[in-house]
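Engineer: See final.pdb below, with PDB, C-alpha atoms.
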MODEL        1
ATOM      1  CA  MET A  55     -44.223  17.084   8.879
ATOM      2  CA  LYS A  56     -44.078  20.742   7.932
ATOM      3  CA  LEU A  57     -41.964  21.999   5.068
ATOM      4  CA  ASN A  58     -40.206  24.547   7.285
ATOM      5  CA  ASP A  59     -39.144  21.792   9.682
ATOM      6  CA  ILE A  60     -37.670  19.785   6.781
ATOM      7  CA  LEU A  61     -35.780  22.793   5.446
ATOM      8  CA  GLU A  62     -34.455  23.681   8.900
ATOM      9  CA  THR A  63     -33.219  20.124   9.437
ATOM     10  CA  LEU A  64     -31.352  20.133   6.125
ATOM     11  CA  THR A  65     -29.947  23.637   6.668
ATOM     12  CA  LYS A  66     -28.346  22.666   9.982
ATOM     13  CA  ARG A  67     -26.384  19.702   8.620
ATOM     14  CA  ASN A  68     -23.243  19.388   6.497
ATOM     15  CA  PRO A  69     -23.443  16.814   3.685
ATOM     16  CA  ASN A  70     -21.091  13.869   3.872
ATOM     17  CA  ILE A  71     -20.568  10.535   2.150
ATOM     18  CA  LEU A  72     -23.732   8.425   2.353
ATOM     19  CA  GLY A  73     -23.111   5.503   4.709
ATOM     20  CA  MET A  74     -19.984   7.157   6.130
ATOM     21  CA  ASP A  75     -20.344   5.344   9.462
ATOM     22  CA  GLU A  76     -20.006   2.014   7.693
ATOM     23  CA  PHE A  77     -16.617   2.871   6.161
ATOM     24  CA  LEU A  78     -13.298   2.076   7.812
ATOM     25  CA  GLN A  79     -11.151   5.201   7.731
ATOM     26  CA  PHE A  80      -7.376   5.242   7.376
ATOM     27  CA  ALA A  81      -4.706   7.921   7.005
ATOM     28  CA  VAL A  82      -1.275   7.532   5.425
ATOM     29  CA  LEU A  83       1.765   9.740   4.966
ATOM     30  CA  VAL A  84       4.038   9.912   1.918
ATOM     31  CA  PRO A  85       7.353  10.747   3.642
ATOM     32  CA  LEU A  86       9.821  12.874   1.695
ATOM     33  CA  VAL A  87      13.471  12.863   2.740
ATOM     34  CA  GLN A  88      16.401  14.880   1.419
ATOM     35  CA  LYS A  89      19.378  12.724   0.426
ATOM     36  CA  GLN A  90      22.366  14.674  -0.851
ATOM     37  CA  ASP A  91      20.838  17.035  -3.415
ATOM     38  CA  GLU A  92      17.765  14.988  -4.238
ATOM     39  CA  LEU A  93      14.357  14.345  -2.708
ATOM     40  CA  HIS A  94      13.511  10.710  -2.014
ATOM     41  CA  VAL A  95      10.277   8.950  -1.093
ATOM     42  CA  LEU A  96      10.509   6.689   1.950
ATOM     43  CA  PHE A  97       8.716   3.329   1.962
ATOM     44  CA  GLU A  98       8.132   0.627   4.524
ATOM     45  CA  VAL A  99       8.053  -3.133   4.032
ATOM     46  CA  ARG A 100       5.349  -4.533   6.285
ATOM     47  CA  ALA A 101       6.503  -7.052   8.883
ATOM     48  CA  HIS A 102       6.216 -10.615   7.614
ATOM     49  CA  HIS A 103       4.268 -11.863  10.646
ATOM     50  CA  LEU A 104       1.368  -9.409  10.142
ATOM     51  CA  ARG A 105      -2.033 -10.899   9.321
ATOM     52  CA  ARG A 106      -2.857  -8.336   6.623
ATOM     53  CA  GLN A 107      -0.559  -7.804   3.630
ATOM     54  CA  PRO A 108       2.636  -9.210   5.180
ATOM     55  CA  GLY A 109       5.834  -8.243   3.361
ATOM     56  CA  GLU A 110       4.123  -5.704   1.095
ATOM     57  CA  ILE A 111       5.494  -2.241   0.408
ATOM     58  CA  CYS A 112       3.492   0.629   1.876
ATOM     59  CA  PHE A 113       3.569   4.097   3.381
ATOM     60  CA  PRO A 114       3.346   4.715   7.124
ATOM     61  CA  GLY A 115      -0.273   4.882   8.182
ATOM     62  CA  GLY A 116      -3.179   3.131   9.756
ATOM     63  CA  LYS A 117      -6.677   3.354  11.147
ATOM     64  CA  ILE A 118      -7.955   6.720  12.374
ATOM     65  CA  GLU A 119      -8.535   6.340  16.109
ATOM     66  CA  PRO A 120     -11.148   8.168  18.230
ATOM     67  CA  ASN A 121      -8.436  10.236  19.950
ATOM     68  CA  ASP A 122      -7.112  11.545  16.609
ATOM     69  CA  SER A 123      -8.409  15.095  16.127
ATOM     70  CA  THR A 124      -8.122  14.904  12.335
ATOM     71  CA  PRO A 125      -7.026  12.421   9.670
ATOM     72  CA  GLN A 126      -3.772  14.416   9.420
ATOM     73  CA  ASP A 127      -3.112  13.821  13.114
ATOM     74  CA  ALA A 128      -3.647  10.115  12.528
ATOM     75  CA  ALA A 129      -1.205  10.062   9.591
ATOM     76  CA  VAL A 130       1.502  11.812  11.630
ATOM     77  CA  ARG A 131       0.865   9.663  14.724
ATOM     78  CA  GLU A 132       1.118   6.435  12.736
ATOM     79  CA  THR A 133       4.307   7.662  11.062
ATOM     80  CA  THR A 134       5.973   8.505  14.372
ATOM     81  CA  GLU A 135       4.959   5.160  15.892
ATOM     82  CA  GLU A 136       6.160   3.120  12.927
ATOM     83  CA  LEU A 137       9.426   4.987  12.300
ATOM     84  CA  GLY A 138      10.322   5.689  15.922
ATOM     85  CA  ILE A 139      10.448   9.474  15.618
ATOM     86  CA  GLU A 140       8.826  12.460  17.325
ATOM     87  CA  ASN A 141       5.885  14.445  15.947
ATOM     88  CA  LYS A 142       8.049  17.515  15.435
ATOM     89  CA  ALA A 143      10.250  15.520  13.066
ATOM     90  CA  VAL A 144       7.446  15.541  10.469
ATOM     91  CA  GLU A 145       7.151  18.932   8.792
ATOM     92  CA  ASN A 146       5.168  20.612   6.010
ATOM     93  CA  VAL A 147       2.311  18.123   6.006
ATOM     94  CA  LYS A 148      -0.015  18.718   3.035
ATOM     95  CA  PRO A 149      -3.147  16.815   1.969
ATOM     96  CA  LEU A 150      -3.587  14.870  -1.247
ATOM     97  CA  ASP A 151      -6.988  13.770  -2.589
ATOM     98  CA  TYR A 152      -8.692  11.218  -0.374
ATOM     99  CA  ILE A 153      -9.765   7.847  -1.726
ATOM    100  CA  VAL A 154     -13.133   6.117  -1.327
ATOM    101  CA  SER A 155     -12.300   2.540  -2.192
ATOM    102  CA  GLN A 156     -14.508  -0.222  -3.546
ATOM    103  CA  PHE A 157     -13.839  -2.226  -0.382
ATOM    104  CA  GLY A 158     -15.567  -0.068   2.198
ATOM    105  CA  THR A 159     -12.634   2.111   3.212
ATOM    106  CA  ILE A 160     -11.746   5.792   3.008
ATOM    107  CA  ILE A 161      -8.051   6.669   2.856
ATOM    108  CA  TYR A 162      -6.743  10.151   3.600
ATOM    109  CA  PRO A 163      -3.215  10.542   2.141
ATOM    110  CA  TYR A 164      -0.774  13.326   3.016
ATOM    111  CA  ILE A 165       2.768  14.217   2.089
ATOM    112  CA  GLY A 166       5.182  15.245   4.795
ATOM    113  CA  VAL A 167       8.872  16.107   4.994
ATOM    114  CA  LEU A 168      11.112  14.294   7.475
ATOM    115  CA  LYS A 169      13.867  16.379   9.027
ATOM    116  CA  ASP A 170      17.346  15.946   7.528
ATOM    117  CA  ASP A 171      19.705  13.337   9.035
ATOM    118  CA  LEU A 172      16.920  12.000  11.216
ATOM    119  CA  PRO A 173      17.724   8.710  13.004
ATOM    120  CA  LEU A 174      14.912   6.311  12.165
ATOM    121  CA  ARG A 175      14.089   3.392  14.470
ATOM    122  CA  PRO A 176      11.428   1.322  12.666
ATOM    123  CA  ASN A 177       9.081  -0.588  14.945
ATOM    124  CA  PRO A 178       9.843  -4.292  14.259
ATOM    125  CA  SER A 179       6.318  -5.331  15.236
ATOM    126  CA  GLU A 180       5.029  -3.487  12.157
ATOM    127  CA  VAL A 181       7.984  -2.766   9.864
ATOM    128  CA  ALA A 182      10.435  -5.302   8.420
ATOM    129  CA  GLU A 183      12.600  -2.678   6.689
ATOM    130  CA  ILE A 184      12.586   0.776   5.163
ATOM    131  CA  PHE A 185      14.067   2.063   1.914
ATOM    132  CA  THR A 186      13.933   5.160  -0.267
ATOM    133  CA  VAL A 187      13.487   5.830  -3.977
ATOM    134  CA  PRO A 188      14.342   9.118  -5.728
ATOM    135  CA  LEU A 189      11.165  11.107  -6.349
ATOM    136  CA  SER A 190      12.448  11.803  -9.854
ATOM    137  CA  PHE A 191      12.107   8.081 -10.667
ATOM    138  CA  PHE A 192       8.328   8.266 -10.269
ATOM    139  CA  LYS A 193       8.079  11.544 -12.149
ATOM    140  CA  GLU A 194      10.022  10.127 -15.103
ATOM    141  CA  ASN A 195       8.639   6.570 -15.148
ATOM    142  CA  PRO A 196       4.869   6.188 -15.384
ATOM    143  CA  PRO A 197       3.440   3.054 -13.779
ATOM    144  CA  GLU A 198       2.236  -0.017 -15.587
ATOM    145  CA  VAL A 199      -1.556  -0.148 -15.409
ATOM    146  CA  HIS A 200      -3.548  -3.358 -15.158
ATOM    147  CA  HIS A 201      -7.243  -3.899 -14.500
ATOM    148  CA  ILE A 202      -9.395  -5.871 -12.106
ATOM    149  CA  HIS A 203     -12.936  -6.596 -13.315
ATOM    150  CA  PHE A 204     -15.819  -6.836 -10.861
ATOM    151  CA  LYS A 205     -18.674  -9.278 -11.364
ATOM    152  CA  VAL A 206     -22.218  -8.789 -10.023
ATOM    153  CA  GLU A 207     -23.579 -11.838  -8.191
ATOM    154  CA  PRO A 208     -26.993 -11.269  -6.520
ATOM    155  CA  ASP A 209     -27.673 -13.602  -3.596
ATOM    156  CA  SER A 210     -30.061 -16.532  -3.845
ATOM    157  CA  THR A 211     -32.986 -14.604  -2.323
ATOM    158  CA  PHE A 212     -32.693 -11.579  -4.618
ATOM    159  CA  PRO A 213     -36.223 -10.574  -5.810
ATOM    160  CA  PHE A 214     -35.667 -10.690  -9.580
ATOM    161  CA  ASP A 215     -39.434 -10.674 -10.177
ATOM    162  CA  ASP A 216     -39.643  -7.175  -8.692
ATOM    163  CA  ILE A 217     -37.276  -5.492 -11.147
ATOM    164  CA  ILE A 218     -37.656  -4.819 -14.859
ATOM    165  CA  GLY A 219     -35.544  -7.326 -16.769
ATOM    166  CA  GLY A 220     -35.547  -9.887 -13.994
ATOM    167  CA  GLU A 221     -32.584 -12.249 -14.132
ATOM    168  CA  ASP A 222     -31.559 -10.594 -17.422
ATOM    169  CA  TYR A 223     -31.218  -7.166 -15.782
ATOM    170  CA  ASN A 224     -28.401  -5.179 -17.380
ATOM    171  CA  TRP A 225     -26.124  -4.641 -14.370
ATOM    172  CA  GLN A 226     -23.580  -1.855 -14.712
ATOM    173  CA  THR A 227     -20.258  -3.510 -13.937
ATOM    174  CA  ARG A 228     -16.952  -1.713 -13.725
ATOM    175  CA  LYS A 229     -13.223  -2.272 -13.599
ATOM    176  CA  MET A 230     -10.547  -0.969 -11.267
ATOM    177  CA  GLU A 231      -7.094   0.206 -12.290
ATOM    178  CA  GLU A 232      -4.095  -1.221 -10.456
ATOM    179  CA  HIS A 233      -0.799   0.630 -10.811
ATOM    180  CA  PHE A 234       2.598  -1.062 -10.668
ATOM    181  CA  TYR A 235       6.010   0.578 -10.263
ATOM    182  CA  TYR A 236       9.161  -1.515 -10.606
ATOM    183  CA  TYR A 237      12.307  -0.139  -8.976
ATOM    184  CA  GLU A 238      15.360  -2.397  -8.840
ATOM    185  CA  ASN A 239      14.063  -5.542  -7.098
ATOM    186  CA  ARG A 240      11.020  -3.818  -5.587
ATOM    187  CA  VAL A 241       7.390  -4.008  -6.711
ATOM    188  CA  ILE A 242       5.258  -1.074  -5.533
ATOM    189  CA  TRP A 243       1.584  -1.549  -6.298
ATOM    190  CA  GLY A 244      -1.955  -1.233  -4.923
ATOM    191  CA  LEU A 245      -3.059   1.845  -2.997
ATOM    192  CA  THR A 246       0.572   2.833  -2.410
ATOM    193  CA  ALA A 247       1.174   3.047  -6.161
ATOM    194  CA  LYS A 248      -2.192   4.754  -6.701
ATOM    195  CA  ILE A 249      -1.300   7.494  -4.213
ATOM    196  CA  LEU A 250       2.167   7.863  -5.749
ATOM    197  CA  HIS A 251       0.691   8.204  -9.215
ATOM    198  CA  HIS A 252      -1.737  10.877  -8.028
ATOM    199  CA  PHE A 253       1.100  12.755  -6.308
ATOM    200  CA  THR A 254       3.344  12.715  -9.379
ATOM    201  CA  GLN A 255       0.466  13.807 -11.603
ATOM    202  CA  LEU A 256       0.065  16.891  -9.399
ATOM    203  CA  LEU A 257       3.792  17.604  -9.698
ATOM    204  CA  ASN A 258       3.800  17.199 -13.476
ATOM    205  CA  LYS A 259       0.927  19.610 -14.125
TER     206      LYS A 259
ENDMDL
END
Output the structure of this file as structure tokens.

Structural biologist:
Amino acid sequence: MKLNDILETLTKRNPNILGMDEFLQFAVLVPLVQKQDELHVLFEVRAHHLRRQPGEICFPGGKIEPNDSTPQDAAVRETTEELGIENKAVENVKPLDYIVSQFGTIIYPYIGVLKDDLPLRPNPSEVAEIFTVPLSFFKENPPEVHHIHFKVEPDSTFPFDDIIGGEDYNWQTRKMEEHFYYYENRVIWGLTAKILHHFTQLLNK
């Protein structure tokens, strides 16, 4: 193959995340609502009959579908479906940093403002209840941070003889931070808390 052909091939493409097609991609929205004179963050409690994470606290969101033009469109669509509102009820949508998780997923988070005095009709097939927390609570109360440690376990056919160090190879293991917020009788943790923490860090800069 000629060098010019290689350079032309690379010039025509935009770099992406290696193995992107193997990742599941999701989009979520951090809904902000005005209550009296204070901004609140709206949360959902996932329906208790769901197979994945029943009863856990989350933001509206879900898998990016082929008919979604962008991850932002997916975040707004999921929010309208789960809260029973129209697209135009979600305003001022802005992106946060996206997350490439250790579990083969990419999450695109956004913040968005829900119109004042908006009647919400949560979809019972997905949402058990909704509630709000003052945004100031998260700005003033940092989360508790705990860690999950990952262990490397090569499969039984791994060719140890082909690598320097063999079975004593010095694998680089890592740990993952898990954030926990406690508000009244609610526990907000996992990716929801991670996104919240990122959002409040941006606000506190």

Engineer: For each of A:Ile242, A:Phe234, A:Asp170, A:Lys248, take the minimum atom-to-atom distance to Gln88 in chain A, counting all atoms listed in the file, then give the residue where this is smallest.

Structural biologist: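 The closest residue to Gln88 in chain A is A:Asp170.
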
Engineer: Just give me the gap between CA of Pro69 in chain A and CA of Met230 in chain A in Å, one decimal is fine.

Structural biologist: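 Straight-line distance from CA of Pro69 in chain A to CA of Met230 in chain A works out to 26.6 Å.
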
Engineer: If the PyMOL selection byres ((chain A and resi 199) around 7) is run on the structure shown, which residues does it catch, given as a PyMOL selection string?

Structural biologist: chain A and resi 197-198+200-201+231-234

Engineer: Next, write the just-selected residues to a file, as a PDB file, keeping the file's coordinate frame, keeping C-alpha atoms as the atom set.

Structural biologist:
ATOM      1  CA  PRO A 197       3.440   3.054 -13.779  1.00  0.00           C
ATOM      2  CA  GLU A 198       2.236  -0.017 -15.587  1.00  0.00           C
ATOM      3  CA  HIS A 200      -3.548  -3.358 -15.158  1.00  0.00           C
ATOM      4  CA  HIS A 201      -7.243  -3.899 -14.500  1.00  0.00           C
ATOM      5  CA  GLU A 231      -7.094   0.206 -12.290  1.00  0.00           C
ATOM      6  CA  GLU A 232      -4.095  -1.221 -10.456  1.00  0.00           C
ATOM      7  CA  HIS A 233      -0.799   0.630 -10.811  1.00  0.00           C
ATOM      8  CA  PHE A 234       2.598  -1.062 -10.668  1.00  0.00           C
TER       9      PHE A 234
END

Engineer: Mind listing as number ranges by chain all residues within 10 Å of (-12.8, -2.6, -4.9), counting all atoms listed in the file?

Structural biologist: A: 154-159, 202-204, 228-231

Engineer: Choose the residue, out of A:Glu140, A:Glu92, A:Asp151, A:Asp209, that has the smallest atom-to-atom separation from Pro173 in chain A; count all atoms listed in the file.

Structural biologist: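 Ranked by minimum distance to Pro173 in chain A, first place goes to A:Glu140.
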
Engineer: I need the residue set behind the PyMOL selection byres ((chain A and resi 123-139) around 8) for this file; please write it as a ChimeraX atom specification.

Structural biologist: /A:80-83,114-122,140-141,143-144,147,149,162-164,173-177,180-181

Engineer: List the residues matched by the PyMOL selection byres ((chain A and resi 251) around 9) in the displayed structure as a PDB file with C-alpha atoms, in the coordinates of the input, ordered by chain and then by residue number.

Structural biologist:
ATOM      1  CA  PHE A 192       8.328   8.266 -10.269  1.00  0.00           C
ATOM      2  CA  LYS A 193       8.079  11.544 -12.149  1.00  0.00           C
ATOM      3  CA  PRO A 196       4.869   6.188 -15.384  1.00  0.00           C
ATOM      4  CA  PRO A 197       3.440   3.054 -13.779  1.00  0.00           C
ATOM      5  CA  HIS A 233      -0.799   0.630 -10.811  1.00  0.00           C
ATOM      6  CA  THR A 246       0.572   2.833  -2.410  1.00  0.00           C
ATOM      7  CA  ALA A 247       1.174   3.047  -6.161  1.00  0.00           C
ATOM      8  CA  LYS A 248      -2.192   4.754  -6.701  1.00  0.00           C
ATOM      9  CA  ILE A 249      -1.300   7.494  -4.213  1.00  0.00           C
ATOM     10  CA  LEU A 250       2.167   7.863  -5.749  1.00  0.00           C
ATOM     11  CA  HIS A 252      -1.737  10.877  -8.028  1.00  0.00           C
ATOM     12  CA  PHE A 253       1.100  12.755  -6.308  1.00  0.00           C
ATOM     13  CA  THR A 254       3.344  12.715  -9.379  1.00  0.00           C
ATOM     14  CA  GLN A 255       0.466  13.807 -11.603  1.00  0.00           C
ATOM     15  CA  LEU A 256       0.065  16.891  -9.399  1.00  0.00           C
TER      16      LEU A 256
END

Engineer: Can you work out the spacing between CA of Glu98 in chain A and CA of Phe191 in chain A in Å, to one decimal?

Structural biologist: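 Answer for the CA of Glu98 in chain A to CA of Phe191 in chain A separation: 17.4 Å.
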
Engineer: Expressed in Å to a single decimal, how great is the separation between CA of Thr63 in chain A and CA of Glu76 in chain A?

Structural biologist: 22.5 Å

Engineer: Given the choices A:Met55, A:Val167, A:Leu78, A:Ile217, which gets closest to Ile153 in chain A if the distance is worked out from all atoms listed in the file?

Structural biologist: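 Ranked by minimum distance to Ile153 in chain A, first place goes to A:Leu78.
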
Engineer: Mind filling out range 229-251 of chain A with N, CA, C and O atoms and sending it as a tab-separated table (two decimals), in the frame of the given file?

Structural biologist:
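Contents of selection_39.tsv, freshly written:
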chain	number	residue	atom	x	y	z
A	229	LYS	N	-14.55	-1.72	-13.82
A	229	LYS	CA	-13.22	-2.27	-13.60
A	229	LYS	C	-12.41	-1.28	-12.78
A	229	LYS	O	-12.71	-0.09	-12.73
A	230	MET	N	-11.40	-1.79	-12.11
A	230	MET	CA	-10.55	-0.97	-11.27
A	230	MET	C	-9.12	-1.01	-11.79
A	230	MET	O	-8.62	-2.08	-12.15
A	231	GLU	N	-8.49	0.14	-11.86
A	231	GLU	CA	-7.09	0.21	-12.29
A	231	GLU	C	-6.16	-0.14	-11.14
A	231	GLU	O	-6.36	0.32	-10.01
A	232	GLU	N	-5.16	-0.95	-11.41
A	232	GLU	CA	-4.10	-1.22	-10.46
A	232	GLU	C	-2.78	-0.75	-11.07
A	232	GLU	O	-2.45	-1.11	-12.21
A	233	HIS	N	-2.06	0.08	-10.33
A	233	HIS	CA	-0.80	0.63	-10.81
A	233	HIS	C	0.38	-0.17	-10.25
A	233	HIS	O	0.35	-0.59	-9.09
A	234	PHE	N	1.40	-0.33	-11.07
A	234	PHE	CA	2.60	-1.06	-10.67
A	234	PHE	C	3.84	-0.24	-11.03
A	234	PHE	O	4.01	0.15	-12.19
A	235	TYR	N	4.68	0.00	-10.04
A	235	TYR	CA	6.01	0.58	-10.26
A	235	TYR	C	7.05	-0.50	-9.96
A	235	TYR	O	6.93	-1.23	-8.97
A	236	TYR	N	8.08	-0.56	-10.81
A	236	TYR	CA	9.16	-1.52	-10.61
A	236	TYR	C	10.46	-0.74	-10.43
A	236	TYR	O	10.90	-0.02	-11.34
A	237	TYR	N	11.05	-0.85	-9.26
A	237	TYR	CA	12.31	-0.14	-8.98
A	237	TYR	C	13.31	-1.15	-8.42
A	237	TYR	O	13.11	-1.71	-7.35
A	238	GLU	N	14.37	-1.39	-9.20
A	238	GLU	CA	15.36	-2.40	-8.84
A	238	GLU	C	14.63	-3.71	-8.57
A	238	GLU	O	13.92	-4.20	-9.43
A	239	ASN	N	14.74	-4.26	-7.36
A	239	ASN	CA	14.06	-5.54	-7.10
A	239	ASN	C	12.76	-5.35	-6.33
A	239	ASN	O	12.21	-6.29	-5.77
A	240	ARG	N	12.23	-4.13	-6.34
A	240	ARG	CA	11.02	-3.82	-5.59
A	240	ARG	C	9.80	-3.71	-6.51
A	240	ARG	O	9.90	-3.17	-7.62
A	241	VAL	N	8.66	-4.18	-6.00
A	241	VAL	CA	7.39	-4.01	-6.71
A	241	VAL	C	6.48	-3.17	-5.81
A	241	VAL	O	6.13	-3.59	-4.71
A	242	ILE	N	6.13	-1.99	-6.28
A	242	ILE	CA	5.26	-1.07	-5.53
A	242	ILE	C	3.92	-1.03	-6.26
A	242	ILE	O	3.85	-0.61	-7.42
A	243	TRP	N	2.86	-1.46	-5.60
A	243	TRP	CA	1.58	-1.55	-6.30
A	243	TRP	C	0.45	-1.27	-5.32
A	243	TRP	O	0.67	-0.91	-4.16
A	244	GLY	N	-0.80	-1.42	-5.78
A	244	GLY	CA	-1.96	-1.23	-4.92
A	244	GLY	C	-2.19	0.23	-4.59
A	244	GLY	O	-1.87	1.13	-5.37
A	245	LEU	N	-2.76	0.48	-3.41
A	245	LEU	CA	-3.06	1.84	-3.00
A	245	LEU	C	-1.80	2.70	-2.89
A	245	LEU	O	-1.84	3.90	-3.16
A	246	THR	N	-0.69	2.08	-2.50
A	246	THR	CA	0.57	2.83	-2.41
A	246	THR	C	0.94	3.40	-3.77
A	246	THR	O	1.28	4.59	-3.90
A	247	ALA	N	0.85	2.58	-4.81
A	247	ALA	CA	1.17	3.05	-6.16
A	247	ALA	C	0.13	4.04	-6.66
A	247	ALA	O	0.45	5.00	-7.37
A	248	LYS	N	-1.12	3.84	-6.28
A	248	LYS	CA	-2.19	4.75	-6.70
A	248	LYS	C	-1.96	6.15	-6.12
A	248	LYS	O	-2.10	7.16	-6.82
A	249	ILE	N	-1.58	6.21	-4.86
A	249	ILE	CA	-1.30	7.49	-4.21
A	249	ILE	C	-0.07	8.14	-4.84
A	249	ILE	O	-0.05	9.35	-5.10
A	250	LEU	N	0.96	7.35	-5.10
A	250	LEU	CA	2.17	7.86	-5.75
A	250	LEU	C	1.85	8.46	-7.11
A	250	LEU	O	2.34	9.54	-7.47
A	251	HIS	N	1.04	7.74	-7.88
A	251	HIS	CA	0.69	8.20	-9.22
A	251	HIS	C	-0.06	9.53	-9.15
A	251	HIS	O	0.22	10.46	-9.92
